[in-house]
There are 2 protein chains.
Amino acid sequence: MQYYVDGFRPGDPDLKPAADNAATPDSGRVIPDEVDVLIAGCGPAGLCLAAQLAQFPDITTMIVEPKPGPIEKGQADGVNVRSMEMFQAFGFGETVKREAYWVNQTNFWMPDPDNPANIRRVGRQQDVADDQSEMPHTLVNQARIHQLFLDVMRKSPTRLEPDYDLSVQTLHIDADAGAGSTDHPVTVTLARGDGTTMTVRAGYVVGADGARSNVRKAIGGHLHGDAAHQAWGVMDILANSDFPDIRMKNLITSASEGNLLILPREGGYLFRMYVELDKLNPDERVANRNLDVSDMIAAANRIMAPYSIDVKEVVWWSVYEIGHRLTDRFDDVPEGETATRNPRVFTAGDACHTHSPKAGQGMNVSMGDTFNLGWKLIQVLKGRSDPALLHSYTAERRTEAKRLVETDHKWARIMSAPLDDDELDGREMPRFQKHFIENLEFTGGLAVRYDPSTLTSVDAQQALATGQPVGKRFHSAPVVRVADAMALQLGHVAQADARWRIYAFGGKADGTKGGRIHALADWLATDPASPVRRYTRSDEDIDAVIDLRAVFQQSFDQIAMPDMPPLLRPEKGALGLRDHEKVFCVDHKTGQDIYKMRGIDRHQGCMIVVRPDQYVAHILPLDAHGALADFFAGFLLPQDHAVKPDRGRAVPA
Amino acid sequence: MQYYVDGFRPGDPDLKPAADNAATPDSGRVIPDEVDVLIAGCGPAGLCLAAQLAQFPDITTMIVEPKPGPIEKGQADGVNVRSMEMFQAFGFGETVKREAYWVNQTNFWMPDPDNPANIRRVGRQQDVADDQSEMPHTLVNQARIHQLFLDVMRKSPTRLEPDYDLSVQTLHIDADAGAGSTDHPVTVTLARGDGTTMTVRAGYVVGADGARSNVRKAIGGHLHGDAAHQAWGVMDILANSDFPDIRMKNLITSASEGNLLILPREGGYLFRMYVELDKLNPDERVANRNLDVSDMIAAANRIMAPYSIDVKEVVWWSVYEIGHRLTDRFDDVPEGETATRNPRVFTAGDACHTHSPKAGQGMNVSMGDTFNLGWKLIQVLKGRSDPALLHSYTAERRTEAKRLVETDHKWARIMSAPLDDDELDGREMPRFQKHFIENLEFTGGLAVRYDPSTLTSVDAQQALATGQPVGKRFHSAPVVRVADAMALQLGHVAQADARWRIYAFGGKADGTKGGRIHALADWLATDPASPVRRYTRSDEDIDAVIDLRAVFQQSFDQIAMPDMPPLLRPEKGALGLRDHEKVFCVDHKTGQDIYKMRGIDRHQGCMIVVRPDQYVAHILPLDAHGALADFFAGFLLPQDHAVKPDRGRAVPA
């Protein structure tokens, strides 16, 4: 963790210096006339976006929520490994690791063939495969995740706080907006719970306002798909049970009483149950049935016989029916107009895709949406990219949402299909277990792979890093930081700061005295064609847009920091202090060799270009300087000032 | 991390429910007439004690500090592995791990024989030996440690806050106090900075008020020892340097310019330097010399030639002379009166021992003092032990302080001794490196070994657990928690909660269906002679005084939780919820076998009794029920009520 670069400050290092225009706590908040980004909804999607934007005082952000304050319980609880990796970038991965329940094993229970009224365990499965991620799969209540994002916002330079009791009613986009002639072309009508309304002009609007999204409606979006006619109940309970695996995740199929999911939760005592509550008639809605928590408890006890639960406290419960729906577009630009118009309004999370909660994907995919959108908005609003970049949000995330809805649909069908004899008597692995195992990469959030585009190069040389598939998330591995011999995860250098990263892996010829990493770093620092020189402003640190990191095959004591090129130890911040944390090497002590683990070519080395949202964008030989320049030229705009090569800070050209 | 045992509560799990008598923030604080414990001084010793006492609403605690508020910079920065283990028990070990600098390697620099005006690196040493501790050696500013303790106090049930601008002037102990006839026999005079005074009657007073301690003076204590006539300067700086190892710990001996220590610090840019500033004449005091930070910077540049530092910001600096001093006693009872009088007043930290800061021990030993005293005071104030227990504080901690002062003295002499030719030309490892290596266990805080007493059994069967020396701290190792297949450190189940722990390690015959662990647990839960039954009150959880944990040699899926005896899955808290986190097994997946790592007898198993401050008190065979009862009878008092065996909560006998 790096801090003090602008001088010493006492106290919590996560609490950043307040910007001049930072929000003042406890003062009467006046709703502004104009904001750069207006976010509707304080769910995971909205807060994940707000936490990114809040870091930039030159971007004004407002986030509104109809509820009177933060939620306290209920809703989602599954945090897959990909989201945990993202939390690490926001700085609260360790907090969630400490507080949350870790899903280490999942158990499968089925009717006992000798006595079908009783269930028995038929399988047990490690939930996160070895080296699938350095982070665990966790379960923790959504309200706590909200709080951690709110803490990030509160400690950011802008001290951003949500405006509660305020919802987007409707919005109107200025007809000239497509040409980008107006900075704040979206006029948004906001309403309080008491009916009073006001208008705000926004540059961009992001509707993270749930399945009944007014933002989606305002841009003419509709959720399409089927609503499966099955009722499920969910309850968070404090209870005792004689069920042997009560502190593990369980998928239970009973002979005639339906299905049950058990998900232990944070704190060691709480757990969640999803209970199948009878088939619905096609014209019957859950809302029309009088199901309550006692029905759920009774059903759970029937399904898990001969075991039972003794409920001490019901913390939260809900009944819902499964629906799998998707909108045609995630922004306001109709398909035929993408060449002539850039998006101004987006939807994210449940506002554009709904699905059952059982695969534990909802919160994760919602945050994934806005982790994708956040850096793009920042890049555009800071003048680093043309607004046309924003089309990539729908392109990338709708594909992912479609896959989610399809997988979820399939999963729901498998869970409710009757068991056959081969499954029941143990001759075959039950389909639900088989399907669960096949889907572990997907449920871990690791199957996301963005298609080739300006952001994901089609020319990438995958053979140079076979374990880092282009378009998928950069897969972390252990390394040792040379300057202080610190063993850490290379992926943890990435923060949620909208910066691009180039990980340069040294080949055989790279070492302390020179080689292709030196040549790359020198070219990046000094050549007029270098993307670092072209796209970094004079008032920014030299790594503000593109952050170069190097990894060597040697051990830490074979690399001398003073021999490293200046770009790998740049002087930064208000005081011009040298950054010592950009050079790494293989962890020879533990034998966890990142080259071997991630299929990096030992002879040639390579560079891996990684997007701000941690997805692999390009893989190139270390000397492919021109190709690297071409890649960044596809979406970054040249800045007014060139970078001063000898000092790390930029000067006027 | 366990929470919600008394029902669900939203928000930060570290924020505990407020007690009825909790302090109210921001209200006008009225100084009470009477407190159970008055702590003088908000340094590491005082805060470490306050953070323990704050957890108990039935103990009233007050902590006073002459300064107007918390310190912001400077002073100590070394946190050894033992203190990190203790921080883990307070719940902020992970926070310090994330924020602090980790001392991974220490380098040794000496004059280059070819050019003695220049230094060269002669050695490099891994700073924490493999498996010495699961925690790192870290460096972070003392003010941040204070803040983390203050957070623990603030989030405790009593919401304890320090009373600033208030110092202990003097105190008087009621003559009858020795017999324990008065609950609050110490009358303390407190003064504000403006000279106004007030009195408070205290049950116990702990002087953690520094080297000039008024509490020590009030009980007639004197610091004895020598003040070495050597001046050292210390500075925390933000600086650039061409010194190759600037982000590692360095001990530098120059040919003629003296010595220098470099200690990198939190945040990646800050570092501390200790600079030898000339010899002093015997009658010359540092205070009488006009040394300032520019002298220090100049000296550092001379010592580290051919390298230099370019200072951008001086965060804090100080000049001091080395002194090694110790008081005769750490409490108010003269040596001859220990049989007839119990202590009421204690000193801790610099108030009773001073030494040079260079071994990085000061803050650590000070916190070690009050981590030793805290649980003893709690045990006495809660009526669990006779006040005679408190004599053990001086007995145990003075021995430790004496060793520290002696080691520090020796270290200072070695650092300032001239180098001989064999060292200079590399034929011999330099003495300072040799001494450093020999002292790694000591500087890690792991050499502390309490002598046999009622608290540290002389009859312990060391052969049953050769890697857990009796009297030393319980050495953690990896295990897997059976209920949720969670891999974790066994030692991390211990919190700073004044509870005793029994770690029962299963032998060959122990397993899911029975064996000596089952017999032990059943005896502890049901036998009238059991220490759990004798010493636990009816209104307490069954593990409130003695917490049994079991470790089995099997893998987690060979142990069935429902087969475990009730004491290993007791029902607790307001709701009677079952605790699932007391049964562990060997981590077969990683192959880190706690039996092998800690020399546990595989055939017989054993039980290891561990004090609330994590020191090994006793090692016994699993069936030594009588010996276990005898051990606890040595210092615990029978309570009014027996424990109800079938439910985990106690009922009137």
# chains A, B, ... in the order shown; residues from 1 in each chain; ligands from 1

call {"tool": "interface_residues", "arguments": {"of": "chain A", "to": "chain B", "cutoff": "7 Å", "atoms": "only C-alpha atoms", "output": "ChimeraX atom specification"}}
result
/A:1-5,7-8,10-11,72-73,98-99,104-105,144,239-240,242,244-245,247-248,267-269,312-313,315,483-486,560-562,575,577-578

call {"tool": "write_last_selection", "arguments": {"atoms": "N, CA and C atoms", "output": "JSON list (two decimals), in the first residue's frame"}}
result
[["chain", "number", "residue", "atom", "x", "y", "z"],
["A", 1, "MET", "N", 0.85, -1.19, 0.00],
["A", 1, "MET", "CA", 0.00, 0.00, 0.00],
["A", 1, "MET", "C", 0.89, 1.24, 0.00],
["A", 2, "GLN", "N", 0.70, 2.12, -0.98],
["A", 2, "GLN", "CA", 1.54, 3.31, -1.10],
["A", 2, "GLN", "C", 0.79, 4.57, -0.67],
["A", 3, "TYR", "N", 1.43, 5.39, 0.15],
["A", 3, "TYR", "CA", 0.85, 6.68, 0.52],
["A", 3, "TYR", "C", 1.97, 7.62, 0.98],
["A", 4, "TYR", "N", 1.62, 8.84, 1.33],
["A", 4, "TYR", "CA", 2.57, 9.92, 1.69],
["A", 4, "TYR", "C", 3.31, 10.49, 0.48],
["A", 5, "VAL", "N", 2.92, 10.15, -0.76],
["A", 5, "VAL", "CA", 3.74, 10.59, -1.90],
["A", 5, "VAL", "C", 3.72, 12.12, -2.02],
["A", 7, "GLY", "N", 3.63, 14.02, 0.65],
["A", 7, "GLY", "CA", 4.00, 14.48, 1.98],
["A", 7, "GLY", "C", 3.27, 13.69, 3.05],
["A", 8, "PHE", "N", 3.79, 13.75, 4.26],
["A", 8, "PHE", "CA", 3.23, 12.99, 5.38],
["A", 8, "PHE", "C", 1.86, 13.53, 5.79],
["A", 10, "PRO", "N", -0.99, 12.42, 8.98],
["A", 10, "PRO", "CA", -1.30, 11.43, 10.02],
["A", 10, "PRO", "C", -2.62, 10.73, 9.75],
["A", 11, "GLY", "N", -2.79, 9.59, 10.39],
["A", 11, "GLY", "CA", -4.11, 8.95, 10.38],
["A", 11, "GLY", "C", -4.29, 7.84, 9.37],
["A", 72, "GLU", "N", -30.07, -2.36, 5.40],
["A", 72, "GLU", "CA", -29.40, -2.98, 6.54],
["A", 72, "GLU", "C", -29.31, -4.49, 6.45],
["A", 73, "LYS", "N", -30.12, -5.10, 5.60],
["A", 73, "LYS", "CA", -30.11, -6.56, 5.55],
["A", 73, "LYS", "C", -30.68, -7.05, 4.23],
["A", 98, "ARG", "N", -11.77, -11.18, 5.94],
["A", 98, "ARG", "CA", -11.80, -11.37, 7.39],
["A", 98, "ARG", "C", -13.22, -11.57, 7.91],
["A", 99, "GLU", "N", -14.18, -10.84, 7.36],
["A", 99, "GLU", "CA", -15.53, -10.85, 7.93],
["A", 99, "GLU", "C", -16.45, -11.92, 7.34],
["A", 104, "ASN", "N", -15.74, -22.96, 0.90],
["A", 104, "ASN", "CA", -14.61, -23.83, 0.57],
["A", 104, "ASN", "C", -15.06, -25.12, -0.11],
["A", 105, "GLN", "N", -16.21, -25.65, 0.34],
["A", 105, "GLN", "CA", -16.71, -26.92, -0.17],
["A", 105, "GLN", "C", -18.21, -26.80, -0.40],
["A", 144, "ARG", "N", -23.51, -4.98, 3.81],
["A", 144, "ARG", "CA", -22.14, -4.74, 4.26],
["A", 144, "ARG", "C", -21.26, -4.34, 3.07],
["A", 239, "ALA", "N", -30.21, -20.07, 13.47],
["A", 239, "ALA", "CA", -30.90, -21.31, 13.82],
["A", 239, "ALA", "C", -29.89, -22.38, 14.21],
["A", 240, "ASN", "N", -30.34, -23.34, 14.98],
["A", 240, "ASN", "CA", -29.56, -24.55, 15.23],
["A", 240, "ASN", "C", -30.12, -25.68, 14.36],
["A", 242, "ASP", "N", -29.41, -30.15, 13.35],
["A", 242, "ASP", "CA", -28.64, -31.38, 13.44],
["A", 242, "ASP", "C", -28.13, -31.81, 12.06],
["A", 244, "PRO", "N", -25.68, -32.33, 9.28],
["A", 244, "PRO", "CA", -24.22, -32.44, 9.52],
["A", 244, "PRO", "C", -23.38, -31.36, 8.84],
["A", 245, "ASP", "N", -23.85, -30.83, 7.70],
["A", 245, "ASP", "CA", -23.04, -29.89, 6.93],
["A", 245, "ASP", "C", -23.58, -28.47, 7.02],
["A", 247, "ARG", "N", -22.62, -25.78, 8.23],
["A", 247, "ARG", "CA", -21.71, -24.66, 7.95],
["A", 247, "ARG", "C", -21.00, -24.82, 6.62],
["A", 248, "MET", "N", -21.60, -25.57, 5.70],
["A", 248, "MET", "CA", -21.10, -25.63, 4.32],
["A", 248, "MET", "C", -22.24, -25.31, 3.37],
["A", 267, "GLY", "N", -20.02, -14.48, 10.13],
["A", 267, "GLY", "CA", -20.21, -14.43, 11.58],
["A", 267, "GLY", "C", -20.29, -15.78, 12.27],
["A", 268, "GLY", "N", -20.45, -16.87, 11.52],
["A", 268, "GLY", "CA", -20.37, -18.20, 12.13],
["A", 268, "GLY", "C", -21.70, -18.79, 12.58],
["A", 269, "TYR", "N", -22.78, -18.00, 12.59],
["A", 269, "TYR", "CA", -24.06, -18.50, 13.09],
["A", 269, "TYR", "C", -25.18, -18.37, 12.06],
["A", 312, "LYS", "N", -34.11, -19.58, 15.62],
["A", 312, "LYS", "CA", -34.09, -18.68, 16.78],
["A", 312, "LYS", "C", -34.43, -17.26, 16.39],
["A", 313, "GLU", "N", -34.05, -16.87, 15.17],
["A", 313, "GLU", "CA", -34.36, -15.51, 14.71],
["A", 313, "GLU", "C", -34.41, -15.52, 13.19],
["A", 315, "VAL", "N", -33.94, -13.20, 10.25],
["A", 315, "VAL", "CA", -33.35, -11.88, 10.04],
["A", 315, "VAL", "C", -34.02, -11.17, 8.87],
["A", 483, "ALA", "N", 12.59, -4.09, -4.53],
["A", 483, "ALA", "CA", 13.13, -3.05, -3.65],
["A", 483, "ALA", "C", 13.11, -3.44, -2.19],
["A", 484, "ASP", "N", 12.12, -4.22, -1.77],
["A", 484, "ASP", "CA", 12.03, -4.57, -0.35],
["A", 484, "ASP", "C", 11.81, -6.07, -0.12],
["A", 485, "ALA", "N", 12.06, -6.89, -1.16],
["A", 485, "ALA", "CA", 11.96, -8.34, -1.03],
["A", 485, "ALA", "C", 10.60, -8.78, -0.50],
["A", 486, "MET", "N", 9.57, -8.06, -0.89],
["A", 486, "MET", "CA", 8.22, -8.31, -0.39],
["A", 486, "MET", "C", 7.51, -9.31, -1.30],
["A", 560, "ALA", "N", 19.47, -5.11, -9.26],
["A", 560, "ALA", "CA", 19.85, -3.90, -8.52],
["A", 560, "ALA", "C", 18.91, -2.77, -8.93],
["A", 561, "MET", "N", 18.21, -2.22, -7.97],
["A", 561, "MET", "CA", 17.26, -1.15, -8.30],
["A", 561, "MET", "C", 17.93, 0.05, -8.98],
["A", 562, "PRO", "N", 19.13, 0.46, -8.57],
["A", 562, "PRO", "CA", 19.73, 1.63, -9.24],
["A", 562, "PRO", "C", 19.99, 1.39, -10.73],
["A", 575, "LEU", "N", 6.10, 16.10, -4.16],
["A", 575, "LEU", "CA", 7.49, 16.24, -3.72],
["A", 575, "LEU", "C", 8.49, 15.63, -4.70],
["A", 577, "LEU", "N", 8.89, 12.34, -5.24],
["A", 577, "LEU", "CA", 9.49, 11.18, -4.56],
["A", 577, "LEU", "C", 9.54, 9.98, -5.49],
["A", 578, "ARG", "N", 10.61, 9.23, -5.35],
["A", 578, "ARG", "CA", 10.81, 8.07, -6.21],
["A", 578, "ARG", "C", 9.89, 6.91, -5.80]]

call {"tool": "select_by_dssp", "arguments": {"residues": "stretch 184-255 of chain A", "states": "strand (DSSP E)", "output": "count of residues only"}}
result
40

call {"tool": "residues_around", "arguments": {"residues": "stretch 43-54 of chain B", "least_positions_apart": "5", "cutoff": "8 Å", "atoms": "only C-alpha atoms", "output": "PyMOL selection string"}}
result
chain B and resi 59+61-63+142+145-146+149-150+152-153+156-160+206-209+348-349+363+366-371+373-375+378+496-498

call {"tool": "closest_residue", "arguments": {"among": "A:Ala477, A:Ala40, A:Ile309, A:Ala417", "to": "A:Ala255", "atoms": "only C-alpha atoms"}}
result
A:Ala417

call {"tool": "residues_around", "arguments": {"residues": "B:Val64", "least_positions_apart": "4", "cutoff": "8 Å", "atoms": "only C-alpha atoms", "output": "PyMOL selection string"}}
result
chain B and resi 38-42+162-168

call {"tool": "atom_distance", "arguments": {"atom1": "atom CA of A:Pro306", "atom2": "atom CA of A:Asn115"}}
result
10.3 Å

call {"tool": "atom_distance", "arguments": {"atom1": "atom CA of B:Phe584", "atom2": "atom CA of B:Asp547"}}
result
13.9 Å

call {"tool": "atom_distance", "arguments": {"atom1": "atom CA of B:Pro528", "atom2": "atom CA of B:Asp630"}}
result
13.2 Å

call {"tool": "select_by_dssp", "arguments": {"residues": "stretch 404-553 of chain B", "states": "helix (DSSP H, G or I)", "output": "compact mmCIF listing (two decimals) with C-alpha atoms, in the first residue's frame"}}
result
# COMPACT_ATOMS: atom_id res chain seq x y z
CA LEU B 404 15.95 -6.39 27.33
CA VAL B 405 18.10 -3.80 29.04
CA GLU B 406 21.08 -6.15 29.10
CA THR B 407 20.70 -7.16 25.46
CA ASP B 408 20.27 -3.57 24.41
CA HIS B 409 23.36 -2.55 26.34
CA LYS B 410 25.41 -5.22 24.63
CA TRP B 411 24.02 -4.26 21.24
CA ALA B 412 24.90 -0.61 21.75
CA ARG B 413 28.49 -1.58 22.63
CA ILE B 414 28.83 -3.81 19.57
CA MET B 415 27.45 -1.13 17.28
CA SER B 416 29.92 1.44 18.53
CA ASP B 421 40.79 -6.16 10.05
CA ASP B 422 39.20 -9.60 9.69
CA GLU B 423 35.80 -8.00 9.58
CA LEU B 424 36.86 -5.28 7.20
CA ARG B 431 30.25 -8.78 14.74
CA PHE B 432 27.18 -6.61 14.27
CA GLN B 433 25.82 -9.05 11.68
CA LYS B 434 26.68 -12.06 13.84
CA HIS B 435 25.05 -10.47 16.86
CA PHE B 436 22.02 -9.49 14.80
CA ILE B 437 21.53 -13.09 13.65
CA GLU B 438 21.99 -14.48 17.15
CA LEU B 440 16.63 -12.62 15.87
CA GLU B 441 14.49 -14.64 18.26
CA PHE B 442 14.92 -11.98 20.91
CA THR B 443 14.18 -9.03 18.63
CA GLN B 462 7.16 -31.03 27.38
CA ALA B 463 7.83 -34.26 25.50
CA LEU B 464 4.21 -34.35 24.34
CA LEU B 490 -4.92 -22.18 14.99
CA GLY B 491 -3.41 -19.36 17.05
CA HIS B 492 -5.81 -16.87 15.51
CA VAL B 493 -8.76 -18.30 17.42
CA ARG B 516 -9.81 -39.26 24.85
CA ILE B 517 -10.86 -35.89 23.48
CA HIS B 518 -14.49 -36.95 23.84
CA ALA B 519 -13.78 -38.13 27.36
CA LEU B 520 -12.02 -34.87 28.24
CA ALA B 521 -14.81 -32.73 26.80
CA ASP B 522 -17.47 -34.73 28.63
CA TRP B 523 -15.56 -34.58 31.89
CA LEU B 524 -15.06 -30.82 31.52
CA ALA B 525 -18.76 -30.32 30.82
CA THR B 526 -20.22 -32.55 33.50
CA PRO B 531 -12.55 -26.37 36.05
CA VAL B 532 -15.18 -25.41 33.47
CA ARG B 533 -17.93 -26.26 35.97
CA ARG B 534 -16.16 -24.82 39.00
CA TYR B 535 -15.07 -21.48 37.57

call {"tool": "residues_around", "arguments": {"residues": "stretch 444-457 of chain B", "least_positions_apart": "2", "cutoff": "7 Å", "atoms": "only C-alpha atoms", "output": "list in words"}}
result
Asn80, Val81, Arg82, Glu396, Glu400, Leu440, Glu441, Phe442, Asp459, Ala460, Gly471, Lys472, Ala617, His618, Gly634 and Phe635 of chain B

call {"tool": "residues_around", "arguments": {"residues": "B:Leu251", "least_positions_apart": "2", "cutoff": "7 Å", "atoms": "only C-alpha atoms", "output": "JSON, numbers by chain"}}
result
{"B": [107, 108, 109, 253, 260, 261, 262]}

call {"tool": "residues_around", "arguments": {"residues": "B:Gly506", "least_positions_apart": "2", "cutoff": "7 Å", "atoms": "only C-alpha atoms", "output": "list of chain:residue names"}}
result
B:Ala504, B:Lys508, B:Asp510, B:Ile517, B:Val551, B:Phe552, B:Gln553, B:Gly605, B:Cys606

call {"tool": "write_last_selection", "arguments": {"atoms": "N, CA, C and O atoms", "output": "PDB file, in the first residue's frame"}}
result
ATOM      1  N   ALA B 504      -6.759 -29.225  22.675  1.00  0.00           N
ATOM      2  CA  ALA B 504      -6.642 -30.682  22.839  1.00  0.00           C
ATOM      3  C   ALA B 504      -6.274 -31.288  21.492  1.00  0.00           C
ATOM      4  O   ALA B 504      -7.031 -31.171  20.525  1.00  0.00           O
ATOM      5  N   LYS B 508      -3.672 -41.134  18.358  1.00  0.00           N
ATOM      6  CA  LYS B 508      -4.041 -42.156  17.363  1.00  0.00           C
ATOM      7  C   LYS B 508      -5.485 -42.625  17.531  1.00  0.00           C
ATOM      8  O   LYS B 508      -6.186 -42.873  16.557  1.00  0.00           O
ATOM      9  N   ASP B 510      -8.023 -41.086  18.772  1.00  0.00           N
ATOM     10  CA  ASP B 510      -9.075 -40.068  18.756  1.00  0.00           C
ATOM     11  C   ASP B 510      -9.647 -39.899  17.365  1.00  0.00           C
ATOM     12  O   ASP B 510      -8.907 -39.830  16.375  1.00  0.00           O
ATOM     13  N   ILE B 517     -10.340 -37.266  23.576  1.00  0.00           N
ATOM     14  CA  ILE B 517     -10.860 -35.889  23.476  1.00  0.00           C
ATOM     15  C   ILE B 517     -12.333 -35.865  23.882  1.00  0.00           C
ATOM     16  O   ILE B 517     -12.778 -34.974  24.614  1.00  0.00           O
ATOM     17  N   VAL B 551      -8.103 -30.539  18.079  1.00  0.00           N
ATOM     18  CA  VAL B 551      -7.447 -30.723  16.775  1.00  0.00           C
ATOM     19  C   VAL B 551      -7.306 -32.228  16.551  1.00  0.00           C
ATOM     20  O   VAL B 551      -6.829 -32.947  17.431  1.00  0.00           O
ATOM     21  N   PHE B 552      -7.734 -32.692  15.388  1.00  0.00           N
ATOM     22  CA  PHE B 552      -7.625 -34.119  15.052  1.00  0.00           C
ATOM     23  C   PHE B 552      -6.608 -34.324  13.927  1.00  0.00           C
ATOM     24  O   PHE B 552      -6.352 -33.423  13.136  1.00  0.00           O
ATOM     25  N   GLN B 553      -6.078 -35.545  13.862  1.00  0.00           N
ATOM     26  CA  GLN B 553      -5.086 -35.843  12.827  1.00  0.00           C
ATOM     27  C   GLN B 553      -5.726 -36.175  11.482  1.00  0.00           C
ATOM     28  O   GLN B 553      -5.064 -36.131  10.455  1.00  0.00           O
ATOM     29  N   GLY B 605      -1.297 -37.839  21.588  1.00  0.00           N
ATOM     30  CA  GLY B 605      -1.898 -36.509  21.594  1.00  0.00           C
ATOM     31  C   GLY B 605      -1.527 -35.790  22.878  1.00  0.00           C
ATOM     32  O   GLY B 605      -0.636 -36.233  23.623  1.00  0.00           O
ATOM     33  N   CYS B 606      -2.194 -34.707  23.200  1.00  0.00           N
ATOM     34  CA  CYS B 606      -1.933 -33.993  24.452  1.00  0.00           C
ATOM     35  C   CYS B 606      -2.908 -32.835  24.573  1.00  0.00           C
ATOM     36  O   CYS B 606      -3.655 -32.548  23.642  1.00  0.00           O
TER      37      CYS B 606
END
